[in-house]
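Scroll down for the structure; my scribbles are underneath it.
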Amino acid sequence: MATAKNQSVDDYIAEYPIEIQNLLSRMRAIIKKAAPQAEEMISYNMPLYKWNGMLVSFADWKEHIGLYPTPKVSGEMKKNWRLTREPKRR
C-alpha cells in the first residue's frame, strides 16, 4: 500500500488502516528503543534506520510485516530482540 511519495516514516505508517498502523508503530518503537541513536529515513519506500551504516528496515506486505536487519546489527542489539517465526499462512 505504501506509495512512492512517502517522505517520512510518519507518512508511511499513516497510509495503512489503523490496526496495521498500530503494528507498524510498535515495530518502530522497538527499533527506536533498541537503537535510539539511529537515523530514521525512507529508503526503497520503506522505513530504514541507519547508525554506522544501514541497520534495519521494515515493510508491510499483503500477509505480513517484514523485518530486515543487516549483517552489521550489533551483538547487543541481537540479544535484545525477540524474533519469532510463525508458519506461513495460506
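By order in the C-alpha cells, chains are A, B, ...; within a chain, residues start at 1; ligands start at 1, following the order shown.
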Would you kindly return, as a PyMOL selection string, each protein, DNA or RNA residue with an atom no farther than 10 Å from any atom of Asn22 (chain A), considering only C-alpha atoms and excluding same-chain residues fewer than 6 positions away?
chain A and resi 13+16+28
Keeping only C-alpha atoms, write the selected residues as a PDB file, in the first residue's frame.
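Now in result-v8.pdb:
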ATOM      1  CA  ILE A  13       2.545   4.488   8.610  1.00  0.00           C
ATOM      2  CA  TYR A  16      -2.399   1.997   6.417  1.00  0.00           C
ATOM      3  CA  ARG A  28       9.121   1.492  15.037  1.00  0.00           C
TER       4      ARG A  28
END
What's the 10 Å shell around region 49-56 of chain A, counting only C-alpha atoms, without same-chain residues fewer than 4 positions away, as a ChimeraX atom specification?
/A:28,31-32,35-43,67-74
What would the file look like if the residues just selected were written as a compact mmCIF listing (two decimals), in the first residue's frame with C-alpha atoms?
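Listed below is the output, again01.txt:
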# COMPACT_ATOMS: atom_id res chain seq x y z
CA ARG A 28 9.12 1.49 15.04
CA ILE A 31 13.70 -0.27 16.88
CA LYS A 32 13.99 3.21 18.39
CA ALA A 35 18.90 1.89 18.73
CA PRO A 36 17.95 5.38 19.95
CA GLN A 37 20.90 6.94 18.12
CA ALA A 38 19.82 5.55 14.71
CA GLU A 39 18.76 7.95 11.97
CA GLU A 40 15.26 7.26 10.64
CA MET A 41 14.51 7.65 6.92
CA ILE A 42 12.65 6.20 3.96
CA SER A 43 14.68 4.12 1.50
CA LEU A 67 11.84 -7.04 9.35
CA TYR A 68 15.16 -6.77 7.51
CA PRO A 69 18.20 -6.49 9.83
CA THR A 70 21.56 -6.08 8.14
CA PRO A 71 24.59 -8.24 8.90
CA LYS A 72 26.08 -5.27 10.78
CA VAL A 73 23.45 -5.43 13.55
CA SER A 74 25.43 -5.34 16.79
List the spatial neighbours of Gln21 (chain A) as a ChimeraX atom specification - criterion: any atom at most 10 Å away, only C-alpha atoms, same-chain residues fewer than 5 positions off excluded.
/A:10,12-16,26-27,60
What is the CA of Ser57 (chain A)-CA of Ala29 (chain A) distance in Å, reported with one decimal?
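Between CA of Ser57 (chain A) and CA of Ala29 (chain A) the gap works out to 12.7 Å.
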